[in-house]
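Written out below as C-alpha cells is the structure these notes cover.
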Amino acid sequence: MNLDNLLNKKLEDLASQNLLRKLRDSERLKVAHIIRDGKKYISFSCNDYLGLANDERLKKAAIKATEKYGVGAGASRLITGNNPLYTELENIIAKQHNVESAAVFGSGYMANLGAISALMEENDLIIADKLSHSCIIEGAKLSGAEMKRFLHNDLTSLENLLSKNRDNYKNCLVVTEAVFSMDGDAPNLQEMANMCKKYDAWLMIDYAHDLSHFTSNFQLPTSNLIIMGTLSKAIGAYGGYIAGSQTLIDYLKTSCKTLMFTTALPPSVLATCIESYTIVYSEKWRVEKALDNAKYFIDLDCHFHGNDTEFVGSQIVPIIIGEAEKALEVSTKLYESGFLVHAIRPPTVPTNTSRLRFSFSALHERKDIEKVTEILGKLI
Ligand SMILES: Cc1ncc(COP(=O)(O)O)c(C=O)c1O
C-alpha cells in the first residue's frame, strides 16, 4: 500500500470524527495574551501557570548561561553534557519534595517514559489511574509489565485490583497524578500511600500540574515513593524530573534510556529553571493568584450545561461539553470573541467527554475572567 494513500485515509477518518489536530503558529506574550494570525487573544490554554515563561529575570538568567556556556549541551549527560547547573537544579528539586535526590530529564514526558520502563519489567504489575497521562501509559507499555487501570481517583477500585492481583506479580507500581491535567482534580495521596504500604506496592506521583507543593509542607512517607514533575509548566521553562531516594536516582541515572541516550538540556534552560524556583519561593502570590483566579471563575457561575463545578484547589477547570463537534464549535465561538480556550477531544479525554479546559494563571485579570464567563454562559 502506498504510504501517503494510507495516511490520507487515516487523516480523512480523523477529520470526519472532528478529531483532526493542526499546529497553529502562536506567539505568547508577557501577559496571558497570545498572537495568532496577527490577532491578539486572551489565552486560557497555557500551562505557564505562574506567568514566568516571559519573565525578564528568567530571560537574563538564560542569556547569562548562554554567553558563558553556549547554546547547546553538545552531548548526553553521561558523556560531556552534564553542566554543573544540573547539580544545582537537582538539589533544589530534591529539597522541594523533601527527598534525598533528583534526576533532571529532557522533558516530563521523557521522565515518565524512561523511569517507568527502567523500573518495571515482565512479571511486574503497574496499576494506573484510568485518566493517566499518555507518557505514563506508554512508559508502562514499554516496560513489558502487566498494566491494569483503576477507576479515576477511586481508592476502592484500586484496592480491589491490589487485593485480587498483587500476589500474582513480583513487584507492583501504583501510578497517579497529584492534579489531573484534563480534570483538575486530585486523589487522596495519603490514603493511597497507606494502601501501597499495605499491599507492598511502590507509589509514583506525577506532580506536573500541581501547584500546592510549592507552598505547602505536605509530606508523604518517602520510602518506595517515586516523584515525577515537570519544569515546563509552572516553572515556565523546559525539562522534567524524577525525585526520590538517592538509590533510586543513582539507578535511574545509570539505566534510564531517556536520560542516557539523548542530548542534555541546553545550559540556558537549567539556569532558567534555577532562577524560576527562586522567584516561585519569593513570590508566593503567584501560586495563590492562579488558584484564586480559578476559584473566581467557578464562583462567578459555572453551572453551564449541567457542569456543577466545585473548586477543588487547582488552577485547571474543565467545562465538559460531550461531543467533540460541539466542543469545537464553542471553542471557535470563544475564539471569535477574542478568547483562546482549546477544545480537548479524544483520545486525550474519554469519548463523549470533550471539553473546554480552562487553565488559570497568575497573570489573568478578573475583568477577562468575567467576560469569558459571560460569553460562555450564552454559548452552552
Ligand atoms: C500529567 C502529565 N505528566 C507529564 C507530562 C509531560 O510533561 P512535559 O510537558 O514536561 O513533557 C504532562 C504534559 O502535559 C502531563 O500533563
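Here, A, B, ... name the chains of the C-alpha cells in the order displayed, residue numbers run from 1 inside each chain, and ligands are numbered from 1 in the same displayed order.
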
- request: List all protein, DNA and RNA residues that have an atom no more than 6 Å from any atom of ligand 1, counting only C-alpha atoms and all ligand atoms, and report them as a list in words.
  value: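 Those within range of ligand 1 are Ser107, Gly108, Tyr109, His133, Ser181, Asp206, Ala208, Thr230, Ser232, Gly239 and Gly240 of chain A.
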
Save out the residues we just selected, C-alpha atoms, as a PDB file, in the first residue's frame.
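Result file again.pdb:
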ATOM      1  CA  SER A 107      11.088  16.691  29.426  1.00  0.00           C
ATOM      2  CA  GLY A 108       8.364  15.427  31.726  1.00  0.00           C
ATOM      3  CA  TYR A 109       7.317  13.000  29.023  1.00  0.00           C
ATOM      4  CA  HIS A 133      -1.356  10.884  31.037  1.00  0.00           C
ATOM      5  CA  SER A 181      -4.216  17.513  33.679  1.00  0.00           C
ATOM      6  CA  ASP A 206       3.138  12.852  38.823  1.00  0.00           C
ATOM      7  CA  ALA A 208       3.228  18.040  36.543  1.00  0.00           C
ATOM      8  CA  THR A 230       7.959  18.975  35.002  1.00  0.00           C
ATOM      9  CA  SER A 232       7.808  23.094  31.523  1.00  0.00           C
ATOM     10  CA  GLY A 239      12.535  19.726  31.227  1.00  0.00           C
ATOM     11  CA  GLY A 240      11.220  17.142  33.634  1.00  0.00           C
TER      12      GLY A 240
END

Polymer residues at most 12 Å from Glu323 in chain A, only C-alpha atoms, same-chain spacing of 3 or more positions, as number ranges by chain: A: 17-19, 320, 326-330, 343-346, 349-356

- prompt: Suppose you want the space between CA of Asp183 in chain A and CA of Ile369 in chain A; what is it in Å?
  reply: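 So the two atoms, CA of Asp183 in chain A and CA of Ile369 in chain A, lie 18.9 Å apart.
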
field: From A:Leu23, A:Ile321, A:Ala15, A:Leu78, residue lying nearest Thr258 in chain A [only C-alpha atoms]
entry: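 Of the candidates, the smallest distance to Thr258 in chain A is held by A:Leu78.
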
Taking the DSSP assignment computed from this structure's backbone, write out as a compact mmCIF listing (two decimals) with N, CA and C atoms, in the first residue's frame all residues of range 65-260 of chain A that belong to helix (DSSP H, G or I).
# COMPACT_ATOMS: atom_id res chain seq x y z
N ALA A 65 23.72 32.38 30.99
CA ALA A 65 24.24 31.00 30.84
C ALA A 65 24.63 30.72 29.40
N THR A 66 23.88 31.29 28.47
CA THR A 66 24.21 31.08 27.04
C THR A 66 25.56 31.72 26.73
N GLU A 67 25.75 32.94 27.27
CA GLU A 67 27.02 33.62 27.00
C GLU A 67 28.20 32.84 27.57
N LYS A 68 27.97 32.24 28.75
CA LYS A 68 29.07 31.51 29.39
C LYS A 68 29.32 30.15 28.74
N TYR A 69 28.21 29.42 28.45
CA TYR A 69 28.37 28.01 28.05
C TYR A 69 27.98 27.71 26.60
N ARG A 77 24.14 13.62 28.93
CA ARG A 77 24.61 13.91 30.30
C ARG A 77 25.77 13.01 30.69
N LEU A 78 25.71 11.74 30.27
CA LEU A 78 26.74 10.79 30.71
C LEU A 78 28.05 10.96 29.96
N ILE A 79 28.05 11.74 28.90
CA ILE A 79 29.31 11.97 28.17
C ILE A 79 29.86 13.32 28.63
N THR A 80 29.56 14.41 27.92
CA THR A 80 30.13 15.69 28.38
C THR A 80 29.06 16.78 28.57
N GLY A 81 27.77 16.36 28.55
CA GLY A 81 26.70 17.37 28.62
C GLY A 81 26.25 17.72 30.03
N LEU A 85 25.31 23.15 36.37
CA LEU A 85 23.98 23.68 36.73
C LEU A 85 22.98 22.55 37.00
N TYR A 86 23.23 21.37 36.42
CA TYR A 86 22.34 20.22 36.70
C TYR A 86 22.32 19.91 38.20
N THR A 87 23.52 19.87 38.81
CA THR A 87 23.60 19.52 40.23
C THR A 87 22.84 20.54 41.07
N GLU A 88 23.04 21.82 40.72
CA GLU A 88 22.37 22.88 41.47
C GLU A 88 20.85 22.72 41.37
N LEU A 89 20.38 22.49 40.16
CA LEU A 89 18.94 22.35 39.94
C LEU A 89 18.40 21.09 40.63
N GLU A 90 19.12 20.00 40.53
CA GLU A 90 18.63 18.76 41.14
C GLU A 90 18.58 18.87 42.67
N ASN A 91 19.51 19.61 43.24
CA ASN A 91 19.47 19.82 44.70
C ASN A 91 18.23 20.62 45.09
N ILE A 92 17.89 21.62 44.29
CA ILE A 92 16.69 22.43 44.57
C ILE A 92 15.44 21.54 44.51
N ILE A 93 15.37 20.70 43.49
CA ILE A 93 14.18 19.85 43.29
C ILE A 93 14.05 18.84 44.43
N ALA A 94 15.18 18.24 44.82
CA ALA A 94 15.13 17.25 45.92
C ALA A 94 14.64 17.92 47.19
N LYS A 95 15.13 19.13 47.45
CA LYS A 95 14.73 19.86 48.65
C LYS A 95 13.23 20.20 48.57
N GLN A 96 12.82 20.62 47.40
CA GLN A 96 11.41 20.97 47.18
C GLN A 96 10.48 19.82 47.60
N GLY A 108 9.18 16.24 30.83
CA GLY A 108 8.36 15.43 31.73
C GLY A 108 7.98 14.12 31.05
N TYR A 109 7.69 14.21 29.77
CA TYR A 109 7.32 13.00 29.02
C TYR A 109 8.45 11.97 29.09
N MET A 110 9.66 12.46 28.86
CA MET A 110 10.82 11.55 28.90
C MET A 110 11.06 11.00 30.30
N ALA A 111 10.76 11.80 31.31
CA ALA A 111 10.97 11.35 32.69
C ALA A 111 10.04 10.18 33.00
N ASN A 112 8.75 10.33 32.69
CA ASN A 112 7.80 9.24 32.97
C ASN A 112 8.09 8.01 32.11
N LEU A 113 8.28 8.26 30.82
CA LEU A 113 8.53 7.14 29.90
C LEU A 113 9.76 6.35 30.34
N GLY A 114 10.83 7.10 30.63
CA GLY A 114 12.11 6.45 30.96
C GLY A 114 12.09 5.78 32.32
N ALA A 115 11.53 6.46 33.32
CA ALA A 115 11.60 5.90 34.68
C ALA A 115 10.72 4.67 34.81
N ILE A 116 9.50 4.74 34.29
CA ILE A 116 8.60 3.58 34.44
C ILE A 116 9.17 2.38 33.70
N SER A 117 9.71 2.62 32.49
CA SER A 117 10.22 1.47 31.73
C SER A 117 11.54 0.96 32.30
N ALA A 118 12.27 1.80 33.05
CA ALA A 118 13.52 1.32 33.67
C ALA A 118 13.25 0.56 34.97
N LEU A 119 12.17 0.92 35.65
CA LEU A 119 11.92 0.31 36.97
C LEU A 119 11.12 -0.99 36.90
N SER A 134 -0.68 10.19 28.84
CA SER A 134 -0.09 9.34 27.80
C SER A 134 1.32 8.82 28.15
N CYS A 135 2.17 9.67 28.75
CA CYS A 135 3.56 9.22 28.98
C CYS A 135 3.64 8.17 30.08
N ILE A 136 2.64 8.12 30.95
CA ILE A 136 2.59 7.07 31.97
C ILE A 136 2.19 5.75 31.29
N ILE A 137 1.19 5.83 30.46
CA ILE A 137 0.69 4.63 29.77
C ILE A 137 1.76 4.08 28.83
N GLU A 138 2.40 4.96 28.08
CA GLU A 138 3.42 4.49 27.12
C GLU A 138 4.63 3.93 27.86
N GLY A 139 4.98 4.53 28.99
CA GLY A 139 6.09 4.02 29.80
C GLY A 139 5.77 2.62 30.31
N ALA A 140 4.51 2.44 30.72
CA ALA A 140 4.09 1.12 31.23
C ALA A 140 4.15 0.09 30.12
N LYS A 141 3.69 0.47 28.92
CA LYS A 141 3.72 -0.48 27.80
C LYS A 141 5.15 -0.88 27.47
N LEU A 142 6.02 0.13 27.48
CA LEU A 142 7.43 -0.10 27.12
C LEU A 142 8.12 -1.02 28.12
N SER A 143 7.66 -0.99 29.35
CA SER A 143 8.34 -1.75 30.41
C SER A 143 8.17 -3.26 30.25
N LEU A 155 -10.36 4.90 45.30
CA LEU A 155 -9.47 4.05 46.10
C LEU A 155 -10.04 2.65 46.31
N THR A 156 -11.36 2.53 46.24
CA THR A 156 -11.96 1.20 46.36
C THR A 156 -11.59 0.37 45.15
N SER A 157 -11.67 1.00 43.98
CA SER A 157 -11.29 0.31 42.75
C SER A 157 -9.81 -0.08 42.79
N LEU A 158 -8.98 0.80 43.30
CA LEU A 158 -7.54 0.49 43.42
C LEU A 158 -7.33 -0.69 44.37
N GLU A 159 -8.02 -0.64 45.51
CA GLU A 159 -7.83 -1.72 46.49
C GLU A 159 -8.31 -3.06 45.94
N ASN A 160 -9.41 -3.04 45.18
CA ASN A 160 -9.89 -4.28 44.56
C ASN A 160 -8.83 -4.89 43.67
N LEU A 161 -8.20 -4.04 42.86
CA LEU A 161 -7.16 -4.55 41.94
C LEU A 161 -5.96 -5.07 42.72
N LEU A 162 -5.58 -4.34 43.76
CA LEU A 162 -4.42 -4.76 44.56
C LEU A 162 -4.71 -6.10 45.25
N SER A 163 -5.88 -6.19 45.87
CA SER A 163 -6.15 -7.41 46.65
C SER A 163 -6.29 -8.63 45.72
N LYS A 164 -6.86 -8.42 44.54
CA LYS A 164 -7.04 -9.56 43.62
C LYS A 164 -5.75 -9.97 42.94
N ASN A 165 -4.88 -9.01 42.66
CA ASN A 165 -3.75 -9.30 41.76
C ASN A 165 -2.37 -9.26 42.38
N ARG A 166 -2.21 -8.54 43.48
CA ARG A 166 -0.84 -8.26 43.95
C ARG A 166 0.03 -9.52 44.08
N ASP A 167 -0.56 -10.58 44.63
CA ASP A 167 0.25 -11.78 44.91
C ASP A 167 0.71 -12.51 43.65
N ASN A 168 0.11 -12.17 42.51
CA ASN A 168 0.48 -12.88 41.28
C ASN A 168 1.67 -12.26 40.56
N LEU A 189 -3.75 11.36 48.37
CA LEU A 189 -2.41 10.76 48.28
C LEU A 189 -2.02 10.02 49.55
N GLN A 190 -2.44 10.58 50.68
CA GLN A 190 -2.07 9.94 51.94
C GLN A 190 -2.67 8.54 52.03
N GLU A 191 -3.95 8.44 51.69
CA GLU A 191 -4.61 7.12 51.74
C GLU A 191 -4.02 6.17 50.72
N MET A 192 -3.68 6.72 49.57
CA MET A 192 -3.08 5.88 48.53
C MET A 192 -1.73 5.34 49.00
N ALA A 193 -0.97 6.22 49.67
CA ALA A 193 0.35 5.78 50.18
C ALA A 193 0.16 4.68 51.22
N ASN A 194 -0.86 4.83 52.07
CA ASN A 194 -1.12 3.79 53.09
C ASN A 194 -1.48 2.46 52.43
N MET A 195 -2.30 2.56 51.39
CA MET A 195 -2.73 1.34 50.68
C MET A 195 -1.54 0.65 50.02
N CYS A 196 -0.67 1.46 49.43
CA CYS A 196 0.52 0.89 48.77
C CYS A 196 1.38 0.15 49.79
N LYS A 197 1.49 0.75 50.98
CA LYS A 197 2.30 0.12 52.02
C LYS A 197 1.67 -1.23 52.40
N LYS A 198 0.35 -1.22 52.58
CA LYS A 198 -0.36 -2.44 52.98
C LYS A 198 -0.14 -3.57 51.97
N SER A 212 0.24 23.14 44.55
CA SER A 212 0.22 23.24 46.01
C SER A 212 1.56 22.85 46.62
N HIS A 213 2.32 21.97 45.94
CA HIS A 213 3.59 21.55 46.56
C HIS A 213 4.60 22.71 46.67
N PHE A 214 4.36 23.79 45.92
CA PHE A 214 5.28 24.93 46.02
C PHE A 214 5.06 25.72 47.32
N GLN A 246 18.22 8.43 47.20
CA GLN A 246 19.49 8.51 46.48
C GLN A 246 19.69 7.25 45.62
N THR A 247 19.29 6.10 46.17
CA THR A 247 19.47 4.84 45.43
C THR A 247 18.63 4.83 44.16
N LEU A 248 17.38 5.29 44.29
CA LEU A 248 16.50 5.36 43.11
C LEU A 248 17.15 6.21 42.02
N ILE A 249 17.64 7.37 42.43
CA ILE A 249 18.18 8.30 41.43
C ILE A 249 19.50 7.77 40.85
N ASP A 250 20.34 7.19 41.70
CA ASP A 250 21.59 6.58 41.18
C ASP A 250 21.26 5.53 40.14
N TYR A 251 20.23 4.73 40.43
CA TYR A 251 19.87 3.66 39.49
C TYR A 251 19.35 4.25 38.17
N LEU A 252 18.46 5.24 38.28
CA LEU A 252 17.88 5.81 37.05
C LEU A 252 18.95 6.48 36.20
N LYS A 253 19.92 7.14 36.86
CA LYS A 253 20.94 7.85 36.08
C LYS A 253 21.84 6.86 35.32
N THR A 254 21.81 5.62 35.73
CA THR A 254 22.67 4.66 35.04
C THR A 254 21.88 3.64 34.21
N SER A 255 20.54 3.84 34.18
CA SER A 255 19.76 2.83 33.44
C SER A 255 18.60 3.38 32.62
N LYS A 257 16.89 4.97 29.74
CA LYS A 257 17.32 5.23 28.35
C LYS A 257 17.01 6.66 27.91
N THR A 258 15.93 7.24 28.44
CA THR A 258 15.58 8.60 28.01
C THR A 258 16.45 9.66 28.71
N LEU A 259 17.29 9.23 29.63
CA LEU A 259 18.28 10.16 30.21
C LEU A 259 19.66 9.89 29.59
N MET A 260 19.93 8.61 29.32
CA MET A 260 21.29 8.24 28.87
C MET A 260 21.53 8.53 27.39

- request: Do a neighbour search on Glu336 in chain A at 12 Å with only C-alpha atoms, toss out local chain neighbours closer than 4 positions, and write the hits as a list in words.
  value: Arg36, Lys39, Lys40, Tyr41, Ile42, Glu329, Val330, Ser331, Thr332, Leu340, Val341, Val372 and Ile375 of chain A

- request: For Val179 in chain A, list every protein, DNA or RNA residue within 9 Å, evaluated using only C-alpha atoms, and leave out those in the same chain fewer than 2 positions away; present the list as a PyMOL selection string.
  value: chain A and resi 176-177+181-187+206-211+314+316

Would you mind exporting C-alpha atoms of the selected residues as a PDB file, in the first residue's frame?
ATOM      1  CA  THR A 176      -1.299   8.587  39.882  1.00  0.00           C
ATOM      2  CA  GLU A 177      -1.187  12.345  39.296  1.00  0.00           C
ATOM      3  CA  SER A 181      -4.216  17.513  33.679  1.00  0.00           C
ATOM      4  CA  MET A 182      -7.617  17.488  31.980  1.00  0.00           C
ATOM      5  CA  ASP A 183      -9.860  17.382  35.061  1.00  0.00           C
ATOM      6  CA  GLY A 184      -8.028  19.479  37.628  1.00  0.00           C
ATOM      7  CA  ASP A 185      -8.971  17.083  40.419  1.00  0.00           C
ATOM      8  CA  ALA A 186      -6.738  15.232  42.868  1.00  0.00           C
ATOM      9  CA  PRO A 187      -6.560  11.856  44.597  1.00  0.00           C
ATOM     10  CA  ASP A 206       3.138  12.852  38.823  1.00  0.00           C
ATOM     11  CA  TYR A 207       3.232  16.480  40.047  1.00  0.00           C
ATOM     12  CA  ALA A 208       3.228  18.040  36.543  1.00  0.00           C
ATOM     13  CA  HIS A 209       0.121  20.178  37.159  1.00  0.00           C
ATOM     14  CA  ASP A 210       0.262  20.500  40.927  1.00  0.00           C
ATOM     15  CA  LEU A 211       0.863  23.973  42.344  1.00  0.00           C
ATOM     16  CA  SER A 314      -6.429  23.522  41.339  1.00  0.00           C
ATOM     17  CA  ILE A 316      -7.441  23.695  35.915  1.00  0.00           C
TER      18      ILE A 316
END

- request: Please provide as JSON, numbers by chain all residues within 10 Å of Ile34 in chain A, with the sequence filter that same-chain residues fewer than 4 positions apart are discarded (counting only C-alpha atoms).
  value: {"A": [25, 26, 27, 28, 29, 30, 38, 39, 40, 41, 42, 43, 44, 45, 46, 339, 340]}

- request: Just list the residues in range 207-345 of chain A DSSP gives strand (DSSP E) on the backbone, as a ChimeraX atom specification.
  value: /A:225-230,240-244,316-322,339-340,343-344

Dump N, CA, C and O atoms for the selected residues as a tab-separated table (two decimals), in the first residue's frame?
chain	number	residue	atom	x	y	z
A	225	LEU	N	8.69	5.59	47.31
A	225	LEU	CA	7.97	6.69	46.66
A	225	LEU	C	8.80	7.22	45.48
A	225	LEU	O	9.99	7.46	45.61
A	226	ILE	N	8.12	7.39	44.35
A	226	ILE	CA	8.79	7.95	43.16
A	226	ILE	C	8.02	9.20	42.77
A	226	ILE	O	6.82	9.14	42.48
A	227	ILE	N	8.72	10.33	42.79
A	227	ILE	CA	8.07	11.60	42.47
A	227	ILE	C	8.48	12.02	41.07
A	227	ILE	O	9.64	11.89	40.68
A	228	MET	N	7.49	12.49	40.32
A	228	MET	CA	7.80	12.99	38.97
A	228	MET	C	7.28	14.41	38.85
A	228	MET	O	6.27	14.77	39.49
A	229	GLY	N	7.98	15.24	38.09
A	229	GLY	CA	7.49	16.60	37.89
A	229	GLY	C	8.00	17.15	36.57
A	229	GLY	O	8.80	16.52	35.88
A	230	THR	N	7.51	18.34	36.24
A	230	THR	CA	7.96	18.98	35.00
A	230	THR	C	8.50	20.37	35.29
A	230	THR	O	8.12	21.01	36.28
A	240	GLY	N	12.04	17.90	32.68
A	240	GLY	CA	11.22	17.14	33.63
A	240	GLY	C	12.13	16.50	34.65
A	240	GLY	O	13.36	16.59	34.54
A	241	TYR	N	11.56	15.86	35.67
A	241	TYR	CA	12.42	15.24	36.68
A	241	TYR	C	11.75	14.08	37.38
A	241	TYR	O	10.53	13.94	37.38
A	242	ILE	N	12.61	13.25	37.97
A	242	ILE	CA	12.19	12.23	38.93
A	242	ILE	C	12.93	12.57	40.21
A	242	ILE	O	14.12	12.94	40.18
A	243	ALA	N	12.24	12.43	41.35
A	243	ALA	CA	12.88	12.67	42.64
A	243	ALA	C	12.55	11.53	43.59
A	243	ALA	O	11.49	10.90	43.46
A	244	GLY	N	13.45	11.26	44.52
A	244	GLY	CA	13.21	10.16	45.47
A	244	GLY	C	14.48	9.85	46.24
A	244	GLY	O	15.32	10.75	46.46
A	316	ILE	N	-6.85	24.26	37.15
A	316	ILE	CA	-7.44	23.70	35.92
A	316	ILE	C	-8.93	23.46	36.15
A	316	ILE	O	-9.32	22.81	37.11
A	317	VAL	N	-9.75	24.02	35.27
A	317	VAL	CA	-11.20	23.85	35.41
A	317	VAL	C	-11.76	23.36	34.07
A	317	VAL	O	-11.74	24.09	33.08
A	318	PRO	N	-12.26	22.11	34.03
A	318	PRO	CA	-12.84	21.63	32.77
A	318	PRO	C	-14.33	21.98	32.69
A	318	PRO	O	-15.03	21.90	33.68
A	319	ILE	N	-14.76	22.38	31.52
A	319	ILE	CA	-16.20	22.52	31.27
A	319	ILE	C	-16.54	21.43	30.26
A	319	ILE	O	-16.18	21.53	29.09
A	320	ILE	N	-17.19	20.39	30.75
A	320	ILE	CA	-17.46	19.23	29.90
A	320	ILE	C	-18.60	19.54	28.94
A	320	ILE	O	-19.66	20.01	29.37
A	321	ILE	N	-18.34	19.31	27.65
A	321	ILE	CA	-19.36	19.58	26.64
A	321	ILE	C	-19.97	18.28	26.12
A	321	ILE	O	-21.16	18.20	25.89
A	322	GLY	N	-19.14	17.25	25.93
A	322	GLY	CA	-19.65	15.96	25.44
A	322	GLY	C	-19.11	15.64	24.07
A	322	GLY	O	-17.99	15.14	23.92
A	339	PHE	N	-11.09	35.06	22.84
A	339	PHE	CA	-10.61	34.19	23.93
A	339	PHE	C	-10.15	32.84	23.38
A	339	PHE	O	-10.88	32.21	22.62
A	340	LEU	N	-8.98	32.43	23.79
A	340	LEU	CA	-8.45	31.15	23.34
A	340	LEU	C	-8.67	30.12	24.44
A	340	LEU	O	-8.03	30.18	25.50
A	343	ALA	N	-10.48	23.25	22.74
A	343	ALA	CA	-11.37	22.09	22.95
A	343	ALA	C	-10.47	20.87	23.10
A	343	ALA	O	-9.57	20.65	22.29
A	344	ILE	N	-10.69	20.11	24.13
A	344	ILE	CA	-9.90	18.89	24.35
A	344	ILE	C	-10.79	17.70	23.98
A	344	ILE	O	-11.88	17.55	24.54

- prompt: How far is it from CA of Lys60 in chain A to CA of Gly236 in chain A, in Å with one decimal?
  reply: 14.0 Å

message: Which residues are near Gly51 in chain A? Cut-off 7 Å, only C-alpha atoms, ignore same chain within fewer than 6 positions. Put them as JSON, numbers by chain.
response: {"A": [361, 362, 363]}

- prompt: For Gly106 in chain A, which residue out of A:Arg286, A:Tyr238, A:Val71, A:Ala62 is the nearest one, using only C-alpha atoms?
  reply: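 Closest residue, counting only C-alpha atoms: A:Tyr238.
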
message: I need the residue nearest Tyr281 in chain A from this list: A:Thr263, A:Ser268, A:Asn224, A:Ser216. Use only C-alpha atoms for the distance.
response: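 Answer, going by the shortest atom-to-atom distance: A:Ser216.
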
- prompt: Given the choices A:Phe150, A:Trp285, A:Trp202, A:Tyr49, which gets closest to Val174 in chain A if the distance is worked out from only C-alpha atoms?
  reply: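 Looking only at the distances to Val174 in chain A, the closest residue turns out to be A:Trp202.
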
task: Compile the contact shell of Ala53 in chain A as a list in words: residues with an atom at most 8 Å away, counting only C-alpha atoms, same-chain residues fewer than 2 positions apart removed.
output: Asp48, Gly51, Asp55, Leu58, Ile235, Gly236 and Ala237 of chain A

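Taking CA of Lys59 in chain A and CA of Phe360 in chain A as the two end points, the separation is 22.5 Å.
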